[in-house]
Structures are given as structure tokens and as C-alpha cells.
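S.K.: A single structure is presented below for examination.
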Amino acid sequence: MGAHGPATQGLMRWVTTTNHKDIGTMYLWFSFAMFIMGGAFAMIIRAELFQPGLQIVEPEFFNQMTTMHGLVMVFGAIMPSFVGLANWMIPMMIGAPDMALPRMNNLSFWILPPTFLLLASTLFMEGGAPNFGWTFYAPLSTTYAPDTVTFFIFGVHLMGLSSIMGSINIIATVVNLRAPGMTYMKMPMFVWTWLITAFLLIAVMPVLAGLVTMMLMDIHFGTSFFSAAGGGDPVLFQHVFWFFGHPEVYIIILPAFGVVSQIIPTFARKPLFGYDSMVYATASIAFLSFIVWAHHMYTVGMPVAGELFFMYATMLIAVPTGVKVFNWITTMWKGSMTFETPMLFSIGFVFLFTIGGFTGVMLSLAPVDFQYHDSYFVVAHFHYVMVAGAVFSMSAAVYYWLPKWCGKMYNESMGKAHFWISFVGFNLTFFPQHFLGLAGMPRRIPDYALQFTDFNTMSSIGAFIYGSSQILFLFNVVRTIVAGKPTSEEKTWEGAEGLEWTVPTPAPYHTFSTPPEVK
Amino acid sequence: MHSQARRLFKLALSPVLLLLGLLSTGALAEEAQRWQMNLSPGVTEVGAEIYELHMIVIWICVVIGVVVFGAMFYSVFTHRKSKGAKPADFHESTAVEIAWTVVPFIILIVMAFPATKTLLEVYNFEDTELDILVTGYQWKWKYEYIDENGENVAFFSNLRTGKTEIYNEDGKGEHYLREVDEPLVLPVNTKVRFLVTANDVIHSWWVPSLAVKKDAIPGFINETWSKPLKTGVYRGQCAELCGRDHGYMPIVVHVVEQDEYDSWLAGKKVKAAKIKSLMDKQFTLDEQMVAGKTVYNQYCVACHGVNGEGGIGNAIAGSSIATGDIYGHIDMGVNGVPGTAMQAFGAQLNDVDMAAVLTFQRNAFGNNMGDIIQPIDVYNFKQGQ
């Protein structure tokens, strides 16, 4: 194994690096920075909603906050964090020396910081940042948009470019660089979920690019794709957006499935139950994600046949998703469990994600959705799957692999405190939002009628708790890197399986220069 | 202190309240209540059906949740290394895996039947008795009662809550943000068809108690219907993000007895006829100043100030528009300035009121043009556009 380190030192090491571990690290830090920024926007939203009336911000700025919170969290925090994880772990899990396309890997990362700088800078421009929601429905985002929408469009193009390059790289790596003997059906679940996610990304990012290009044309070149006055169709915008947008939510959640499928067997000291069915379920979810998009649009006035099709197709998703949940629980069943921080976050994930799944089934039923749609019930639902899903699993992943990455052990008590504070804060934030939605509170409003006060106050308190728990997380990670207890055990966790646990700890700069033999 | 303690007590009790909320079918009032945790069945048959479906699915989820989470937590508490549990080594079972694919599938089919039935009911437009065109504007609703003789009655419905309440300078009223200047009025026990569209961006017309939510999309006319079975006041608001004041475009519906509705509608028609008759009248400056002041105080004062000194909007006193060309001034009133806070008032104000307020602006606050704008001038301007 090559023992040498980076070719250059200092800042240029990071700018020019083609090393998957360096790039993975940069992705992870970048996404955490975005997580803090998106979180700060959320804190402003919750502070304004603490009481009825306008106290802190004006409605224009509130709309910019909801928009930027969504965009930054989805495209800046969650997606890059899993790409970072993929960079670090996929080569080490399949016994590859690096990613297949290292220079492209460097480019796909370095596109992101300027892109988000550009997006964040719109906050200080005349007319303010994008204010039309992260779903940017036309014509609010075209004819009626602030001028900064053009920067937003450019930003989306760049993010798409970065994602597509990242996905090509992951597919090329998994297809070509698996160690001898590592057949597809022996790949770790995390690799499988990322392979499928990468195909989803390549399929839908161009659709998003087409969509924003049509917006650009409408705004600057006089076309009327989405303007009814010119013969265009605002509903078409939504169809195209959700054709991208629904697979997008699985792009976010599938790698999270992969992470917990790695962690639960480790701490249950028992192999993952139903590996094959896990793979098939992931593939089924990916397929179904392409034919359910209009369940986001039950109220746009589709004909009843369309409503029925999308309702039935959407309900079907519950089947493979259920299979996954049952598999995780059966993996725990009759195991020999311990509850270190990664396991706590993974169990938290299974519990809370399943609640999000239940509300998902409720939302799939078109006639009832007429009451839920665009209400806080939806906000609660997707935060249960996105935050308790993606963010919890990401936290689990960091605690799980951090000792391998830096050769130091994090503080377990602090990690557990992070979990429990997050868990309580998260539920206090989002569970009452179900009630708000059912009682009739629409989403994306800066101010509300008096009967919604109590649950909003609760929700804001919860949000502040959840938000502060992330500072504990940051502190624990930094403390580990700087002053954690050194560990050189190859296998940090007693029950861990997989090639990443066969390399030295901390993982050297180059691993698997000679491919391992997988039996 | 006492009320704070009560609040805390209620917070602590909220999980119990949740269960009570879920259990109490139909006990909820039509208006959203404090601490309301569940959907309301509302005052329509469809609403009751939706509510029932919602409860069925919740209970199915609760049962599945108890089984699944029960198994998980049993395992978490029992199969621990600290209790000496040794790991079993099973990792697949075709029979079990087929079972937990098929059983959820069957449960879904069970849910699909009532869902389909209710959906078809929502889409059943037979025998509607009254048509109302609902148009979303940034940020208000327009209602137009479609009359077979062409005598449509139309009006705008604006938020009535004042800025001082929103900015916490005054106490908030009982129906804070859910009160309008002119509510929609519907006859009870009548199947009303709503034709829903929008003038600018997408809005969504949502009244939970009437079990109606439909997107208002420019260039499209969507339809939906409701048949309220109980008189009362039902409130809702715009559900689709539509720009700055998305949170400030409420919907208030008064459902009244048929005869009350008839006399309300007749009154509206008389008023419309009166305005029509005034169209040809030549008003004097004094008449226009009196009438114009009333309109000004209702529509203009918030932005342009009591003395025309400006504020959010430009000053009217000494303004080049109010002291300039008459048609330029009419244009400003009718079309506004797109993209700014100055709205187009051409559809909101009738020609009589528009003529009066413009005349007032030209002759008040030190402006002294001496000219009079007549309703017919406004009418002709609109026709010539």
C-alpha cells in the first residue's frame, strides 16, 4: 500500500487534490457549513412564527427565508453530504484505490462553493433573494420574480452539473473498480443505494436543467412556456418540476437507507436481514419514483382518471418501503445489541422515518389530500422523512466512520447527548405541525390566526433546541479531530463487517493500491 | 401567573389531548379551535366522508405502528448484549419476506376502495344549483355570482385586519387575519359549483369546513363544489404561495338560509343597478369631492396618507400625476404600476367610485386642478385601452 501523503501542502493541496478522501472531507465540511446556514434561515422562520403578528421580519424577507432554507438544505446540505460520504466510503467499501474519475471529482466539488456563494449573495442584492419557495412555481418565479431569479437559474445549472458529474463518477467507480470477487450482490448496501441514486440523478437533473432554461427564456427572451397570456401553461411547469422533484426526494433518502443498513447490522452483531430483498426494494422505489410525480398536484385540477392513477401508484410505494423497515427491525431481532451513538441515530431514523411513511400513506389518498395539501401537515410529513431520515442517518454515519477517518474516538456521552437532544427537539418541532396542518394552517405564511398560536410556540421552542444540538455535534467532531482519544484498531466496532474495516486506522491517504481478494 | 401555569399544564397534557382529539369523532366545532389537533368533518357530506377516511387510515397506521414499533422496542429492550443476548444467525426467510410484501399490499387495497369512492364523489358535478366564479388576485379574492340573465353580481373580498394589529401596536381581534370586508354569501343546502381561476400568479382557494381546496391558476378555470348543510360562518385562506401577502388573503363564507340569501343578492343587484344608473350622470365638483373622500379613505389612505403626504406610496399632494394629464391619472388608477405596491384598481373600483376618487385627488391636499372626472370618462378610457 502506498504510504505517501498529498503531493502538495497547504491550500493548494485542497484546490488541486484528486484524492477521494480529501474530496470527501471537503464535501462533508462544505455540506455542514450549508447545514448551519440553512439552519440559521430556519431559526429566523421559527422565531417569526413564535407568536402571531409580525415581530422580526417583513413578509418579503420571510418568503426569501423559506425559499433559501429549502434550496440550501436540499441542494447544499443533504445532497453534498451524501456525495461526500460516497467519496470517502465507496472506494474503501469495494476495494478500489480511488474514484474512477478523480479530476472530474475535483471539479464536481469545486463547482459547489462558488455556486452557493452566488446564491447566498442574492440576499444582499436589490430586490432580495429568490422568494418563490424552493418549488419555484411559475409564474411567481418568472413574470413576478425578483431580478435575482437569473442568478438562481444559473446556480441550479451549476448544481446540476456538479451532481451529474458526481453521479457519473460513482457509476464508473462501482461498475469498474470493484475488487476481484466483489460481485454486485456482494456489494455493501450503501454502495447499492448510491449506485441506484446515481442513476436517478442522471435521469432527472437534466429535466431540472431544461425546466430552469425554459424559465430563463420566459424571463429574458419573450417566450411563454409558462405564461397563460402567451398560450403557455403554468401547470406544465409543475409536471416537469415534480418529474424531477419526486425522484429527487428518493435521491436524498436512498443513501440514508444505505447508511442505516450498514450500521444496524454492526450494532446488532448480526448480518442484514433480507439483503436481496433490500436491493430489489431499493430498485422498485427508484422505478416507482418516476410514475408518481403528480401526487404533489392533486389540487391543480387533474381529471379524475389522472388522480386515480397517481393515487394508486403512490400507495404502492408503501410496499417496498415497508419491506425495508421490516428488514431493519428483523435485523435487530434476536441480535446482541449495543447502543452507541450511531446505533441510537439509526434506531431514531427507523422510528421517525416510519412515522413519516405513515403520513405519506395518508397524503397519497387524493380525496383526503385535498384537506392536507399545502398545509403544515405536509411540512411535518416531509421534515419527518428529510430531517429524521436524511439528517439523522448522516449524523449516524459521521459518528460511525469518524474513528476510521481520523484515527480518534469521539466522546460517547456527548454523542448520546446530541442524539437525545436532537430527538426531543425534533419531535417537539415537527409533531405539533401535524396538528396545525389538520386544523387548517397553510404552509409558507409569516403570520397566522390566533388559534394556531400554542402549537407554533411549541414548535419554535423545539426548533431552537434542535438547532442548538447541532452546535454540540460540531463541537464533538472538532474536539475528536483535535483532541480525541487516539485509536488504531482496524475494526472500531466489534460487529463491523466490510472492507473499510480491514484497512489501518486512521485510513492512510491511499488505500487498496493493490486490490483485496473478496471471497 | 395563573394562566401561565394553565398553559404549561396544557402543554404537558398535549399527548393525552391528542388521543382525545383523535377519538372524538364529530365533536369538533366547524371553526378551527385553540388546541385543535385533528381534521374537522366540517359541514358537508363530502367533508364528513373525507374525515371518516382520514380516521380509518389513522387507525390503520396506529395499529401497524403498534405492531412494528412494539416488535422493535421489544427487541431493543430484550436483545441487548448487556443482558447477555447472543446473536442469532438467520438473515433471510422467503416465507416471511413474501408475507410482509403481500399483507401491506392487501391493506392498501382495503384503503383504496373508500378512497376511490370519496374521490368519485368529489368529482361528481351533477345537479349543481349555483355557479360562482372565484378569482385570485395578489392578494385578495373576487367573487362573481353567475346569473343566467347576465345580471352577474361581483365584488372583491379584502383582508379587514388592520396593520396596527399585524404589527402588534393594537390587540389582536378574535378573527385576526381571518376577517374580510365583504364575505362570500351562500344559501344553505345548495350544491354550489365554484369556478376557480386567477388573475396573476397561482393561488389556492381553501375552506376546510366546506371540504374545498382548489388551485386558482391563471389561464385555467378549475371547478369544484360544496354543499354546506349548516348555516354559519366558515373561514379559510389562500393555500398556495402567491407572493408577499400570501398570508394575508383570507376567505370568509357566510352560509345563510335561502330567503336571507335571496334578499342579500337582491340588495347587491339594486346596488349594481344604482351604479349603472349613475354612469351617465354628470357630477358636480362638490359631489365628487364628498364621494371621493370616502373612497380615498377606504382604498388609498393606507399607502398615500391622510393628507396625501405619501408613505408606502408616493405623495399625492403636488404629485405630477395628480396634477398632470387627466388620462395619465386615470391610467394610474385603472392599471397601477406593475411590480410595485401600486395595484391596478380598474377591476376593484367601479367607474363611479374611480371617477370620484381621482377627482378628489386632483382637488385635495393643496392640488387645485379644478377639473372633474366623470364616470363616463373612466368608462371610455377602459373601452379605448
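To be explicit about the labels: the chains of the C-alpha cells are called A, B, and onward in the order shown, and within each one the residues are counted from 1, while ligands get numbers from 1 in the order they are shown.
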Could you list, as a ChimeraX atom specification, every residue within 10 Å of Phe116 of chain A, counting only C-alpha atoms and ignoring same-chain residues fewer than 4 positions away?
M.R.: /A:34,71-72,75-76,111-112,120-122,152,155-156,158-159
S.K.: Can you check which parts of segment 306-398 of chain A lie within 12 Å of segment 209-222 of chain B? Per residue, the shortest pair of atoms and distance in Å to one decimal, counting only C-alpha atoms, sorted by chain and number, as CSV.
M.R.:
```
residue,atom,partner,partner_atom,distance
A:Ala366,CA,B:Lys213,CA,11.7
A:Pro367,CA,B:Ala211,CA,9.6
A:Val368,CA,B:Ala211,CA,9.3
A:Asp369,CA,B:Lys213,CA,9.4
A:Phe370,CA,B:Lys213,CA,5.8
A:Gln371,CA,B:Ala211,CA,6.8
A:Tyr372,CA,B:Lys213,CA,9.4
A:His373,CA,B:Lys213,CA,8.3
A:Asp374,CA,B:Lys213,CA,9.7
A:Ser375,CA,B:Lys213,CA,10.9
```
S.K.: Got a sec: who's within 12 Å of Asn380 of chain B, counting only C-alpha atoms, leaving out chain neighbours fewer than 4 positions off, as a JSON list (two decimals) with N, CA and C atoms, in the first residue's frame?
M.R.:
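Here's the written file out32.json:
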```
[["chain", "number", "residue", "atom", "x", "y", "z"],
["B", 279, "MET", "N", -73.81, 56.04, -14.14],
["B", 279, "MET", "CA", -72.76, 56.10, -15.16],
["B", 279, "MET", "C", -72.93, 57.31, -16.08],
["B", 280, "ASP", "N", -74.19, 57.64, -16.39],
["B", 280, "ASP", "CA", -74.42, 58.72, -17.33],
["B", 280, "ASP", "C", -74.53, 60.08, -16.65],
["B", 327, "TYR", "N", -55.81, 61.72, -18.47],
["B", 327, "TYR", "CA", -55.79, 60.31, -18.87],
["B", 327, "TYR", "C", -54.61, 59.57, -18.24],
["B", 330, "ILE", "N", -56.00, 58.72, -14.89],
["B", 330, "ILE", "CA", -56.95, 57.59, -14.95],
["B", 330, "ILE", "C", -56.18, 56.28, -15.16],
["B", 331, "ASP", "N", -55.17, 56.34, -16.03],
["B", 331, "ASP", "CA", -54.35, 55.16, -16.32],
["B", 331, "ASP", "C", -53.71, 54.63, -15.04],
["B", 334, "VAL", "N", -56.45, 52.97, -12.95],
["B", 334, "VAL", "CA", -57.01, 51.74, -13.52],
["B", 334, "VAL", "C", -55.96, 50.64, -13.60],
["B", 351, "ASP", "N", -66.63, 52.33, -11.95],
["B", 351, "ASP", "CA", -66.24, 53.56, -12.64],
["B", 351, "ASP", "C", -66.70, 54.81, -11.88],
["B", 355, "ALA", "N", -64.00, 57.52, -10.70],
["B", 355, "ALA", "CA", -64.07, 58.92, -11.13],
["B", 355, "ALA", "C", -64.04, 59.85, -9.91],
["B", 373, "ILE", "N", -63.56, 64.56, -13.13],
["B", 373, "ILE", "CA", -63.59, 63.33, -13.94],
["B", 373, "ILE", "C", -64.95, 62.69, -13.74],
["B", 374, "GLN", "N", -65.64, 62.40, -14.83],
["B", 374, "GLN", "CA", -66.97, 61.78, -14.76],
["B", 374, "GLN", "C", -66.84, 60.27, -14.98],
["B", 375, "PRO", "N", -67.81, 59.50, -14.46],
["B", 375, "PRO", "CA", -67.75, 58.04, -14.65],
["B", 375, "PRO", "C", -67.57, 57.67, -16.12],
["B", 376, "ILE", "N", -68.22, 58.41, -17.00],
["B", 376, "ILE", "CA", -68.17, 58.06, -18.42],
["B", 376, "ILE", "C", -66.75, 58.21, -18.97],
["B", 384, "GLY", "N", -61.28, 52.20, -24.54],
["B", 384, "GLY", "CA", -60.30, 52.56, -25.55],
["B", 384, "GLY", "C", -58.94, 51.90, -25.34],
["B", 385, "GLN", "N", -58.80, 51.19, -24.23],
["B", 385, "GLN", "CA", -57.49, 50.62, -23.91],
["B", 385, "GLN", "C", -57.03, 49.60, -24.92]]
```
S.K.: Using only C-alpha atoms, pick whichever of A:Phe290, A:Phe151, A:Phe475, A:Phe62 has the shortest atom-to-atom distance to chain B.
M.R.: A:Phe62
S.K.: Which chain B residues are at most 6 Å from chain A (counting only C-alpha atoms), as a PyMOL selection string?
M.R.: chain B and resi 32-34+36-39+50+72+75+79-81+85-88+91-92+119+166-167+176-177+201+213-215+219+222+239+244+247
